[in-house]
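Shown next, in structure tokens, is the structure this report addresses.
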Amino acid sequence: MAEILGEKKICNKCGKCCRLISSTKSYDELCAEAKNGDNVAVNFLKLFLPYESLTDAIKIDSHVVDSLIEMNKLAYGEKTQTYFYYCRYINEDNSCNVYNMRPKLCRQYPKNEFIPVPEECSYSGYSFAMREKVKAKVRKAKEELLDIKIMRQNASERSVLERLNKLEKKATQLIEEYKAFGSYGW
């Protein structure tokens with residue numbers, strides 16, 4: 001990341017990353033999971049509050065909201081519902097009340113290069129460059145699958161076949177990991 005970003009403080013403080021958090025779980029579902037001891041839900045609810053309606057989230061950035069909804073439908077199915085939250089620690093001026101103690105999630109933003117960022121986000125170039133690196137890895141994995149198919153035709157030793165199976169599994173897992181983002185078409 002440093003080789004692309006250079007100076008770490010490139011954020012233009014639009015605040016949209018803190019105001020457009022999405023989940024496929026409603027606030028009530030998260031509360032129930034937290035009550036049952038789910039640490040992910042507990043930690044999520046410590047940071048984020050739900051919007052009253054989808055309209056409130058759309059007011060922040062309709063393009064990002066639409067992109068997150070579409071991404072979740074691709075990943076989890078067409079009937080998937082997306083819920084929007086905002087960070088309880090963001091101020092009106094988009095500064096953070098807990099900046100020096102902010103969670104790892106915030107310090108590593110944007111960790112997932114496929115999460116839609118607003119067009120004016122200063123990390124959009126970084127996200128684009130990282131997406132292209134992932135796409136190149138997926139394309140290489142697809143090429144490896146073709147090579148494995150050819151090698152399997154000529155292999156007869158059990159140890160060679162086992163090694164090819166491991167390589168095939170690893171390449172397939174990488175492609176599958178990014179299928180919600182279109183890896184089958186790269």
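Chains: A, B, ... in order of the structure tokens. Residues: from 1 per chain. Ligands: from 1, in order shown.
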
Excluding range 27-43 of chain A and residues on its chain fewer than 4 positions from it, collect all residues at most 10 Å away from it, counting only C-alpha atoms, and give them as an mmCIF file with C-alpha atoms, in the first residue's frame.
```
data_model
loop_
_atom_site.group_PDB
_atom_site.id
_atom_site.type_symbol
_atom_site.label_atom_id
_atom_site.label_comp_id
_atom_site.auth_asym_id
_atom_site.auth_seq_id
_atom_site.Cartn_x
_atom_site.Cartn_y
_atom_site.Cartn_z
ATOM 1 C CA SER A 23 -24.426 -5.359 6.280
ATOM 2 C CA LEU A 47 -19.189 1.036 16.436
ATOM 3 C CA PHE A 48 -22.180 1.404 14.148
ATOM 4 C CA LEU A 49 -25.725 2.716 14.400
ATOM 5 C CA PRO A 50 -28.494 1.972 11.884
ATOM 6 C CA TYR A 51 -30.076 4.521 9.589
ATOM 7 C CA TYR A 83 -28.850 -2.543 5.601
ATOM 8 C CA PHE A 84 -26.880 0.653 6.148
ATOM 9 C CA TYR A 85 -25.170 1.954 9.247
ATOM 10 C CA PRO A 103 -10.405 0.072 15.518
#
```

Residues within 12 Å of Pro110 in chain A, only C-alpha atoms, excluding chain neighbours under 4 positions, as JSON, numbers by chain: {"A": [1, 5, 11, 17, 18, 104, 105, 106, 114, 115, 116, 117, 118, 121, 122, 123, 124, 125, 126, 127, 128, 130, 131]}

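Remark: for Leu145 in chain A, the closest of the candidate residues A:Lys170, A:Ala75, A:Cys87, A:Glu157 is A:Lys170 (distances computed over only C-alpha atoms).
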
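Going from CA of Thr172 in chain A to CA of Gln108 in chain A covers 27.0 Å.
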
Best match for closeness to Arg88 in chain A among A:Val64, A:Ala57, A:Leu45, A:Ile10, counting only C-alpha atoms: A:Leu45

9 Å contact set for Leu74 in chain A, only C-alpha atoms, chain neighbours under 2 positions out, as a VMD selection string: chain A and resid 69 to 72 76 to 78 80 179 to 182

Backbone DSSP call of helix (DSSP H, G or I) for chain A, listed as a PyMOL selection string: chain A and resi 2-5+16-19+27-35+39-47+54-60+62-76+99-101+104-107+124-154+158-177+179-181+183-185

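Ranking A:His63, A:Lys137, A:Arg102, A:Lys149 by their shortest atom-to-atom distance to Lys16 in chain A, with only C-alpha atoms included, puts A:His63 first.
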
Which of A:Lys73, A:Lys59, A:Lys111, A:Arg152 sits closest to Arg19 in chain A [using only C-alpha atoms]: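 Selected residue with least distance to Arg19 in chain A: A:Lys59.
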
CA of Gly15 in chain A to CA of Ile90 in chain A, straight-line distance in Å: 7.7 Å

Length of the CA of Lys166 in chain A to CA of Asn112 in chain A vector [Å]: 26.2 Å

DSSP strand (DSSP E) residues within chain A, as an NGL selection string: :A and (21-23 or 48-50 or 83-87)

Generate the output file for the selected residues, C-alpha atoms, as a short mmCIF file (atom, residue, chain, number, x, y, z; two decimals), in the first residue's frame.
```cif
data_model
loop_
_atom_site.label_atom_id
_atom_site.label_comp_id
_atom_site.auth_asym_id
_atom_site.auth_seq_id
_atom_site.Cartn_x
_atom_site.Cartn_y
_atom_site.Cartn_z
CA ILE A 21 -21.30 0.85 6.33
CA SER A 22 -23.34 -2.01 4.92
CA SER A 23 -24.43 -5.36 6.28
CA PHE A 48 -22.18 1.40 14.15
CA LEU A 49 -25.72 2.72 14.40
CA PRO A 50 -28.49 1.97 11.88
CA TYR A 83 -28.85 -2.54 5.60
CA PHE A 84 -26.88 0.65 6.15
CA TYR A 85 -25.17 1.95 9.25
CA TYR A 86 -22.94 4.85 10.25
CA CYS A 87 -20.14 5.16 12.77
#
```
